file start_36.pdb (PDB, C-alpha atoms)
ATOM      1  CA  MET A   1     -92.004  30.081 298.211
ATOM      2  CA  ILE A   2     -93.759  31.962 301.031
ATOM      3  CA  GLU A   3     -91.878  34.579 303.039
ATOM      4  CA  VAL A   4     -93.635  36.476 305.809
ATOM      5  CA  LYS A   5     -91.807  39.036 307.946
ATOM      6  CA  ASN A   6     -93.170  40.777 311.034
ATOM      7  CA  LEU A   7     -96.723  40.556 309.781
ATOM      8  CA  SER A   8     -99.422  42.244 311.860
ATOM      9  CA  LYS A   9    -103.072  43.012 311.363
ATOM     10  CA  PHE A  10    -104.978  45.130 313.838
ATOM     11  CA  TYR A  11    -108.661  45.959 313.833
ATOM     12  CA  GLY A  12    -108.836  48.949 316.157
ATOM     13  CA  SER A  13    -107.298  47.762 319.401
ATOM     14  CA  THR A  14    -107.765  44.062 318.512
ATOM     15  CA  LYS A  15    -104.525  42.417 317.460
ATOM     16  CA  THR A  16    -105.739  39.740 315.040
ATOM     17  CA  VAL A  17    -102.262  38.836 313.792
ATOM     18  CA  ASN A  18     -99.310  40.078 315.793
ATOM     19  CA  ASP A  19     -95.753  40.133 314.452
ATOM     20  CA  VAL A  20     -95.724  36.784 312.633
ATOM     21  CA  SER A  21     -92.708  35.692 310.617
ATOM     22  CA  LEU A  22     -92.412  32.445 308.716
ATOM     23  CA  SER A  23     -90.740  30.909 305.724
ATOM     24  CA  ILE A  24     -92.114  27.994 303.724
ATOM     25  CA  GLY A  25     -89.975  26.384 301.051
ATOM     26  CA  LYS A  26     -90.911  24.707 297.795
ATOM     27  CA  GLY A  27     -92.464  21.268 298.250
ATOM     28  CA  GLU A  28     -93.117  21.746 301.960
ATOM     29  CA  LEU A  29     -96.502  20.882 303.398
ATOM     30  CA  PHE A  30     -97.403  23.472 305.979
ATOM     31  CA  GLY A  31    -100.392  23.365 308.328
ATOM     32  CA  LEU A  32    -101.444  26.574 310.025
ATOM     33  CA  LEU A  33    -103.228  25.498 313.193
ATOM     34  CA  GLY A  34    -104.674  27.496 316.046
ATOM     35  CA  PRO A  35    -107.772  28.064 318.162
ATOM     36  CA  ASN A  36    -110.763  30.094 316.966
ATOM     37  CA  GLY A  37    -109.917  33.756 316.555
ATOM     38  CA  SER A  38    -106.173  33.202 316.398
ATOM     39  CA  GLY A  39    -105.920  34.827 312.967
ATOM     40  CA  LYS A  40    -105.533  31.864 310.598
ATOM     41  CA  THR A  41    -108.111  33.103 308.094
ATOM     42  CA  THR A  42    -106.761  36.638 308.328
ATOM     43  CA  MET A  43    -103.280  35.284 307.521
ATOM     44  CA  ILE A  44    -104.575  33.491 304.426
ATOM     45  CA  LYS A  45    -106.492  36.588 303.353
ATOM     46  CA  MET A  46    -103.348  38.697 303.648
ATOM     47  CA  LEU A  47    -101.248  36.091 301.841
ATOM     48  CA  THR A  48    -103.667  36.087 298.906
ATOM     49  CA  GLY A  49    -103.994  39.861 298.801
ATOM     50  CA  GLN A  50    -107.623  39.991 299.909
ATOM     51  CA  ILE A  51    -106.837  42.333 302.778
ATOM     52  CA  LYS A  52    -103.857  44.530 303.545
ATOM     53  CA  PRO A  53    -101.762  44.019 306.670
ATOM     54  CA  THR A  54    -101.250  46.793 309.200
ATOM     55  CA  SER A  55     -97.506  46.211 308.977
ATOM     56  CA  GLY A  56     -94.983  43.672 307.740
ATOM     57  CA  SER A  57     -94.095  42.193 304.390
ATOM     58  CA  LEU A  58     -95.238  39.138 302.426
ATOM     59  CA  ARG A  59     -93.862  37.417 299.371
ATOM     60  CA  VAL A  60     -95.472  34.467 297.597
ATOM     61  CA  HIS A  61     -93.531  32.793 294.767
ATOM     62  CA  GLY A  62     -91.205  35.789 294.934
ATOM     63  CA  VAL A  63     -94.055  38.229 294.308
ATOM     64  CA  ASP A  64     -94.691  41.040 296.771
ATOM     65  CA  VAL A  65     -98.321  40.534 297.748
ATOM     66  CA  LEU A  66     -98.852  44.196 298.574
ATOM     67  CA  GLU A  67     -97.522  45.355 295.209
ATOM     68  CA  ASP A  68     -99.159  42.780 292.952
ATOM     69  CA  PRO A  69    -101.998  40.833 294.629
ATOM     70  CA  ILE A  70    -103.518  39.848 291.275
ATOM     71  CA  ARG A  71    -100.263  38.198 290.192
ATOM     72  CA  VAL A  72    -100.294  36.236 293.460
ATOM     73  CA  ARG A  73    -103.814  35.005 292.779
ATOM     74  CA  GLU A  74    -102.623  33.957 289.319
ATOM     75  CA  LEU A  75    -100.003  31.791 290.981
ATOM     76  CA  VAL A  76    -102.005  30.239 293.798
ATOM     77  CA  GLY A  77    -105.364  28.559 294.212
ATOM     78  CA  VAL A  78    -107.547  29.588 297.126
ATOM     79  CA  ILE A  79    -110.469  27.727 298.662
ATOM     80  CA  PRO A  80    -111.952  29.995 301.322
ATOM     81  CA  GLU A  81    -113.849  28.375 304.143
ATOM     82  CA  GLN A  82    -117.099  30.208 303.467
ATOM     83  CA  GLU A  83    -116.824  30.981 299.772
ATOM     84  CA  THR A  84    -119.236  29.380 297.343
ATOM     85  CA  PRO A  85    -119.312  29.588 293.540
ATOM     86  CA  PRO A  86    -121.600  32.238 291.998
ATOM     87  CA  SER A  87    -125.136  31.045 292.774
ATOM     88  CA  PHE A  88    -126.683  31.828 289.388
ATOM     89  CA  LEU A  89    -124.102  30.292 287.067
ATOM     90  CA  THR A  90    -124.116  26.580 286.324
ATOM     91  CA  ALA A  91    -121.141  24.523 287.472
ATOM     92  CA  GLU A  92    -119.931  24.253 283.889
ATOM     93  CA  GLU A  93    -120.384  27.969 283.179
ATOM     94  CA  TYR A  94    -118.405  28.813 286.292
ATOM     95  CA  LEU A  95    -115.503  26.574 285.282
ATOM     96  CA  HIS A  96    -115.452  28.125 281.821
ATOM     97  CA  PHE A  97    -115.608  31.576 283.414
ATOM     98  CA  VAL A  98    -112.591  30.773 285.599
ATOM     99  CA  ALA A  99    -110.700  29.306 282.642
ATOM    100  CA  LYS A 100    -111.258  32.522 280.680
ATOM    101  CA  ILE A 101    -110.179  34.692 283.624
ATOM    102  CA  ARG A 102    -107.041  32.564 283.890
ATOM    103  CA  LYS A 103    -106.567  32.882 280.105
ATOM    104  CA  MET A 104    -106.500  29.136 279.576
ATOM    105  CA  GLU A 105    -106.896  27.502 276.190
ATOM    106  CA  HIS A 106    -108.708  24.295 275.224
ATOM    107  CA  TYR A 107    -110.380  24.188 278.597
ATOM    108  CA  GLU A 108    -113.628  22.463 277.573
ATOM    109  CA  GLU A 109    -112.065  19.009 277.351
ATOM    110  CA  VAL A 110    -110.291  19.406 280.693
ATOM    111  CA  CYS A 111    -113.544  20.537 282.320
ATOM    112  CA  GLU A 112    -115.207  17.347 281.138
ATOM    113  CA  LYS A 113    -112.420  15.231 282.644
ATOM    114  CA  TRP A 114    -112.748  17.066 285.929
ATOM    115  CA  PHE A 115    -116.478  16.539 286.011
ATOM    116  CA  GLU A 116    -115.864  12.801 285.569
ATOM    117  CA  PHE A 117    -113.129  12.801 288.204
ATOM    118  CA  PHE A 118    -115.312  14.525 290.783
ATOM    119  CA  ASP A 119    -118.320  12.411 289.848
ATOM    120  CA  PHE A 120    -120.500  15.396 289.044
ATOM    121  CA  GLY A 121    -122.744  13.232 286.911
ATOM    122  CA  ASN A 122    -125.373  15.370 285.247
ATOM    123  CA  GLN A 123    -125.065  18.204 287.767
ATOM    124  CA  LYS A 124    -122.742  20.266 285.627
ATOM    125  CA  ASN A 125    -125.724  22.076 284.115
ATOM    126  CA  SER A 126    -127.316  22.804 287.499
ATOM    127  CA  LEU A 127    -127.145  26.283 288.945
ATOM    128  CA  CYS A 128    -124.572  26.419 291.746
ATOM    129  CA  LYS A 129    -127.264  27.488 294.216
ATOM    130  CA  ASP A 130    -128.965  24.127 293.655
ATOM    131  CA  LEU A 131    -125.845  22.066 294.339
ATOM    132  CA  SER A 132    -125.227  20.478 297.717
ATOM    133  CA  ARG A 133    -122.650  22.086 299.996
ATOM    134  CA  GLY A 134    -120.225  19.211 299.331
ATOM    135  CA  THR A 135    -120.598  19.529 295.568
ATOM    136  CA  ARG A 136    -120.020  23.288 295.761
ATOM    137  CA  GLN A 137    -116.834  22.598 297.731
ATOM    138  CA  LYS A 138    -115.729  20.131 295.045
ATOM    139  CA  LEU A 139    -116.289  22.818 292.460
ATOM    140  CA  MET A 140    -114.212  25.323 294.438
ATOM    141  CA  LEU A 141    -111.482  22.671 294.747
ATOM    142  CA  HIS A 142    -111.601  22.234 291.012
ATOM    143  CA  VAL A 143    -111.274  25.998 290.537
ATOM    144  CA  ALA A 144    -108.288  26.129 292.901
ATOM    145  CA  PHE A 145    -106.526  23.364 290.952
ATOM    146  CA  ARG A 146    -107.059  25.365 287.803
ATOM    147  CA  CYS A 147    -104.262  27.705 288.834
ATOM    148  CA  ILE A 148    -101.813  24.788 288.806
ATOM    149  CA  GLN A 149    -102.862  23.922 285.315
ATOM    150  CA  ALA A 150    -102.701  27.530 284.176
ATOM    151  CA  ARG A 151     -99.227  27.899 285.632
ATOM    152  CA  MET A 152     -97.870  24.754 284.049
ATOM    153  CA  LYS A 153     -99.302  25.859 280.721
ATOM    154  CA  MET A 154     -99.888  22.229 279.837
ATOM    155  CA  GLN A 155    -102.940  22.116 277.664
ATOM    156  CA  GLY A 156    -104.922  19.042 278.507
ATOM    157  CA  PHE A 157    -103.002  18.498 281.734
ATOM    158  CA  TYR A 158    -105.071  16.486 284.182
ATOM    159  CA  VAL A 159    -104.437  16.539 287.939
TER     160      VAL A 159
ATOM    161  CA  MET B   1    -113.362  41.985 279.735
ATOM    162  CA  PHE B   2    -116.459  40.944 277.829
ATOM    163  CA  ASP B   3    -116.725  37.500 279.495
ATOM    164  CA  ILE B   4    -117.277  39.050 282.912
ATOM    165  CA  PHE B   5    -119.925  41.398 281.525
ATOM    166  CA  LYS B   6    -121.699  38.584 279.685
ATOM    167  CA  SER B   7    -121.707  36.312 282.736
ATOM    168  CA  MET B   8    -122.979  39.139 284.935
ATOM    169  CA  ILE B   9    -125.909  39.853 282.604
ATOM    170  CA  LYS B  10    -126.793  36.149 282.636
ATOM    171  CA  GLU B  11    -126.487  36.067 286.422
ATOM    172  CA  GLU B  12    -128.703  39.132 286.899
ATOM    173  CA  TRP B  13    -131.425  37.761 284.662
ATOM    174  CA  ARG B  14    -131.397  34.361 286.398
ATOM    175  CA  MET B  15    -131.420  35.950 289.833
ATOM    176  CA  HIS B  16    -134.503  38.014 289.018
ATOM    177  CA  SER B  17    -136.303  35.201 287.248
ATOM    178  CA  ASN B  18    -135.617  32.937 290.255
ATOM    179  CA  LEU B  19    -136.989  35.566 292.612
ATOM    180  CA  PHE B  20    -140.081  36.474 290.625
ATOM    181  CA  GLY B  21    -140.689  33.398 288.455
ATOM    182  CA  ASN B  22    -139.472  32.923 284.895
ATOM    183  CA  GLY B  23    -142.608  33.883 282.976
ATOM    184  CA  GLY B  24    -143.596  36.680 285.324
ATOM    185  CA  PHE B  25    -140.238  38.350 285.175
ATOM    186  CA  ALA B  26    -139.948  38.017 281.390
ATOM    187  CA  LEU B  27    -143.237  39.922 281.153
ATOM    188  CA  PHE B  28    -141.982  42.769 283.337
ATOM    189  CA  PRO B  29    -140.749  44.992 280.437
ATOM    190  CA  VAL B  30    -144.066  44.296 278.678
ATOM    191  CA  PHE B  31    -145.906  45.449 281.805
ATOM    192  CA  ILE B  32    -143.855  48.665 281.940
ATOM    193  CA  PHE B  33    -144.480  49.254 278.243
ATOM    194  CA  LEU B  34    -148.250  48.766 278.593
ATOM    195  CA  PHE B  35    -148.420  50.833 281.785
ATOM    196  CA  THR B  36    -146.531  53.743 280.210
ATOM    197  CA  PHE B  37    -148.516  53.444 277.005
ATOM    198  CA  PHE B  38    -151.901  53.666 278.728
ATOM    199  CA  VAL B  39    -150.832  56.340 281.213
ATOM    200  CA  SER B  40    -149.437  58.395 278.326
ATOM    201  CA  LEU B  41    -152.665  57.921 276.405
ATOM    202  CA  ALA B  42    -154.580  59.193 279.437
ATOM    203  CA  LEU B  43    -152.270  62.177 279.830
ATOM    204  CA  PRO B  44    -154.760  64.646 278.239
ATOM    205  CA  VAL B  45    -157.326  63.572 280.873
ATOM    206  CA  PHE B  46    -154.794  64.072 283.680
ATOM    207  CA  ARG B  47    -153.954  67.508 282.312
ATOM    208  CA  GLU B  48    -157.545  68.588 282.779
ATOM    209  CA  ILE B  49    -157.362  67.642 286.463
ATOM    210  CA  PHE B  50    -153.739  68.491 287.327
ATOM    211  CA  THR B  51    -151.380  71.202 286.186
ATOM    212  CA  ASP B  52    -148.262  70.260 284.215
ATOM    213  CA  ALA B  53    -146.142  71.109 287.253
ATOM    214  CA  GLN B  54    -148.162  68.729 289.449
ATOM    215  CA  ILE B  55    -147.806  65.915 286.924
ATOM    216  CA  ALA B  56    -144.058  66.564 286.723
ATOM    217  CA  PHE B  57    -143.839  66.513 290.544
ATOM    218  CA  GLY B  58    -145.817  63.266 290.615
ATOM    219  CA  MET B  59    -143.378  61.694 288.185
ATOM    220  CA  HIS B  60    -140.435  62.865 290.257
ATOM    221  CA  TYR B  61    -141.962  61.403 293.452
ATOM    222  CA  PHE B  62    -142.580  58.135 291.638
ATOM    223  CA  PHE B  63    -138.957  57.905 290.504
ATOM    224  CA  LEU B  64    -137.792  58.890 293.992
ATOM    225  CA  LEU B  65    -139.828  56.016 295.404
ATOM    226  CA  VAL B  66    -138.420  53.548 292.861
ATOM    227  CA  GLY B  67    -134.887  54.823 293.535
ATOM    228  CA  SER B  68    -135.357  54.431 297.294
ATOM    229  CA  MET B  69    -136.614  50.880 296.834
ATOM    230  CA  VAL B  70    -133.605  49.956 294.685
ATOM    231  CA  GLY B  71    -131.254  51.652 297.171
ATOM    232  CA  ALA B  72    -132.832  49.862 300.133
ATOM    233  CA  PHE B  73    -132.487  46.548 298.338
ATOM    234  CA  GLY B  74    -128.841  47.369 297.655
ATOM    235  CA  LEU B  75    -128.274  47.846 301.390
ATOM    236  CA  ILE B  76    -129.927  44.623 302.535
ATOM    237  CA  GLY B  77    -129.455  42.702 299.283
ATOM    238  CA  ARG B  78    -126.901  40.157 300.477
ATOM    239  CA  GLU B  79    -128.827  39.420 303.671
ATOM    240  CA  PHE B  80    -132.012  38.973 301.664
ATOM    241  CA  MET B  81    -130.286  36.720 299.126
ATOM    242  CA  ASN B  82    -128.746  34.580 301.856
ATOM    243  CA  ARG B  83    -132.128  34.058 303.472
ATOM    244  CA  ARG B  84    -133.821  33.308 300.169
ATOM    245  CA  PHE B  85    -131.120  31.139 298.554
ATOM    246  CA  GLU B  86    -129.099  30.031 301.593
ATOM    247  CA  GLN B  87    -125.439  30.996 301.064
ATOM    248  CA  ALA B  88    -125.732  33.186 297.973
ATOM    249  CA  SER B  89    -122.726  34.350 296.028
ATOM    250  CA  LEU B  90    -122.260  36.551 292.972
ATOM    251  CA  ILE B  91    -119.575  37.070 290.341
ATOM    252  CA  ALA B  92    -119.023  40.463 291.980
ATOM    253  CA  TYR B  93    -117.171  38.673 294.797
ATOM    254  CA  SER B  94    -114.819  36.835 292.412
ATOM    255  CA  SER B  95    -111.866  39.127 292.990
ATOM    256  CA  ARG B  96    -111.326  37.451 296.382
ATOM    257  CA  THR B  97    -110.242  34.161 294.837
ATOM    258  CA  LEU B  98    -109.506  34.801 291.168
ATOM    259  CA  PRO B  99    -106.768  36.858 289.509
ATOM    260  CA  VAL B 100    -109.014  39.760 288.628
ATOM    261  CA  SER B 101    -109.024  43.220 290.169
ATOM    262  CA  GLN B 102    -111.920  44.583 292.154
ATOM    263  CA  ARG B 103    -111.814  47.654 289.904
ATOM    264  CA  LEU B 104    -112.407  45.561 286.770
ATOM    265  CA  ILE B 105    -115.199  43.640 288.476
ATOM    266  CA  PHE B 106    -116.808  46.895 289.618
ATOM    267  CA  ALA B 107    -116.513  48.466 286.142
ATOM    268  CA  ASN B 108    -118.237  45.449 284.625
ATOM    269  CA  PHE B 109    -120.880  45.489 287.364
ATOM    270  CA  LEU B 110    -121.629  49.143 286.659
ATOM    271  CA  LEU B 111    -121.788  48.615 282.906
ATOM    272  CA  LYS B 112    -124.010  45.568 283.383
ATOM    273  CA  ASP B 113    -126.407  47.552 285.570
ATOM    274  CA  ILE B 114    -126.612  50.381 283.021
ATOM    275  CA  VAL B 115    -127.279  48.066 280.060
ATOM    276  CA  TYR B 116    -129.553  45.656 281.946
ATOM    277  CA  TYR B 117    -131.795  48.279 283.544
ATOM    278  CA  PHE B 118    -131.846  50.377 280.385
ATOM    279  CA  VAL B 119    -133.286  47.433 278.482
ATOM    280  CA  LEU B 120    -135.536  46.365 281.336
ATOM    281  CA  TYR B 121    -136.925  49.727 282.472
ATOM    282  CA  VAL B 122    -135.973  52.670 280.270
ATOM    283  CA  LEU B 123    -136.462  51.185 276.825
ATOM    284  CA  PRO B 124    -140.038  49.889 277.436
ATOM    285  CA  LEU B 125    -140.861  53.180 279.156
ATOM    286  CA  VAL B 126    -139.640  55.255 276.216
ATOM    287  CA  ALA B 127    -141.278  52.911 273.702
ATOM    288  CA  GLY B 128    -144.621  53.083 275.531
ATOM    289  CA  PHE B 129    -144.501  56.860 275.721
ATOM    290  CA  ALA B 130    -143.356  57.259 272.104
ATOM    291  CA  LEU B 131    -146.087  54.999 270.758
ATOM    292  CA  ALA B 132    -148.827  56.692 272.775
ATOM    293  CA  SER B 133    -147.756  60.161 271.760
TER     294      SER B 133
END

call {"tool": "encode", "arguments": {"input": "start_36.pdb", "output": "structure tokens"}}
result
Amino acid sequence: MIEVKNLSKFYGSTKTVNDVSLSIGKGELFGLLGPNGSGKTTMIKMLTGQIKPTSGSLRVHGVDVLEDPIRVRELVGVIPEQETPPSFLTAEEYLHFVAKIRKMEHYEEVCEKWFEFFDFGNQKNSLCKDLSRGTRQKLMLHVAFRCIQARMKMQGFYV
Amino acid sequence: MFDIFKSMIKEEWRMHSNLFGNGGFALFPVFIFLFTFFVSLALPVFREIFTDAQIAFGMHYFFLLVGSMVGAFGLIGREFMNRRFEQASLIAYSSRTLPVSQRLIFANFLLKDIVYYFVLYVLPLVAGFALAS
């Protein structure tokens, strides 16, 4: 599922990630733990093709991240620590936007179910900038789960 | 991808109307139109005071000033937005989490800027000048 070999990322003389290798199989739950500045976020960024490593190779779902980072982001859902949804779209507009980017069909009904599930109430028409931090995180979680739905190609599938 | 373009136009409009107030910002093209219209009407008066070359230079300095302001805002834009709206985010950053290339996002961003500012600035300016002349 995830194959990392001799992965390194250097910023000048700072070795953020130094020669990491790991292999994570299908169905495994894997926690990447470490103190501040140990390179956890950098690892995730490299695994999702947001930044390029200095050296090493990465494969996610059999896809070479360096060759096809967009395909990797089609296959995985990412919830970055600091990322928030676009401030000037409503929660509903953002979910529809993501569904279109992921080329999903019949997404309106699923969006409604998700809003119920996450107890969004009447906040779906609020601009994301006006949502609380927790609600914005819920929305990002929702967006990350969208990739599962897109991959399974099950219209109306509800996680 | 038209959906990205459409969402970006919506986002830009909302961002500006949040910064400057809905009604005030909607009147901005009207202000430019009226300003250009009256300045153009007064052009014969200006031409008695200044030479054509001086007027042309004045226009160029004005556009240089506007360009510098836009450029400066581009440099400090994110910082400003974060202070004004807490942790601000735009569709332009979507390529970090969604399966869309930065190149496509940038192309849409560029196209959005051209269309948006053409309608907002250039069109009222041309209309004001055309009507006055």

call {"tool": "interface_residues", "arguments": {"input": "start_36.pdb", "of": "chain B", "to": "chain A", "cutoff": "9 Å", "atoms": "only C-alpha atoms", "output": "number ranges by chain"}}
result
B: 1, 3-4, 7, 10-15, 85-101

call {"tool": "residues_around", "arguments": {"input": "start_36.pdb", "residues": "segment 24-38 of chain B", "least_positions_apart": "5", "cutoff": "10 Å", "atoms": "all atoms listed in the file", "output": "PyMOL selection string"}}
result
chain B and resi 13-14+16-19+43+119-133

call {"tool": "atom_distance", "arguments": {"input": "start_36.pdb", "atom1": "atom CA of Ile49 of chain B", "atom2": "atom CA of Val66 of chain B"}}
result
24.5 Å

call {"tool": "atom_distance", "arguments": {"input": "start_36.pdb", "atom1": "atom CA of Lys6 of chain B", "atom2": "atom CA of Asn108 of chain B"}}
result
9.1 Å

call {"tool": "residues_around", "arguments": {"input": "start_36.pdb", "residues": "segment 56-68 of chain A", "least_positions_apart": "4", "cutoff": "9 Å", "atoms": "all atoms listed in the file", "output": "VMD selection string"}}
result
chain A and resid 1 to 9 19 to 21 46 to 49 52 72 75 to 76

call {"tool": "atom_distance", "arguments": {"input": "start_36.pdb", "atom1": "atom CA of Ala107 of chain B", "atom2": "atom CA of Phe2 of chain B"}}
result
11.2 Å

call {"tool": "axis_aligned_box", "arguments": {"input": "start_36.pdb", "around": "segment 90-98 of chain A", "padding_each_side": "6 Å", "output": "JSON"}}
result
{"center_x": -118.4, "center_y": 27.9, "center_z": 284.6, "size_x": 23.5, "size_y": 19.3, "size_z": 17.7}

call {"tool": "residues_around", "arguments": {"input": "start_36.pdb", "residues": "Asp119 of chain A", "least_positions_apart": "3", "cutoff": "12 Å", "atoms": "all atoms listed in the file", "output": "MDAnalysis selection string"}}
result
chainID A and resid 112:116 122:124 134:135 138:139 142
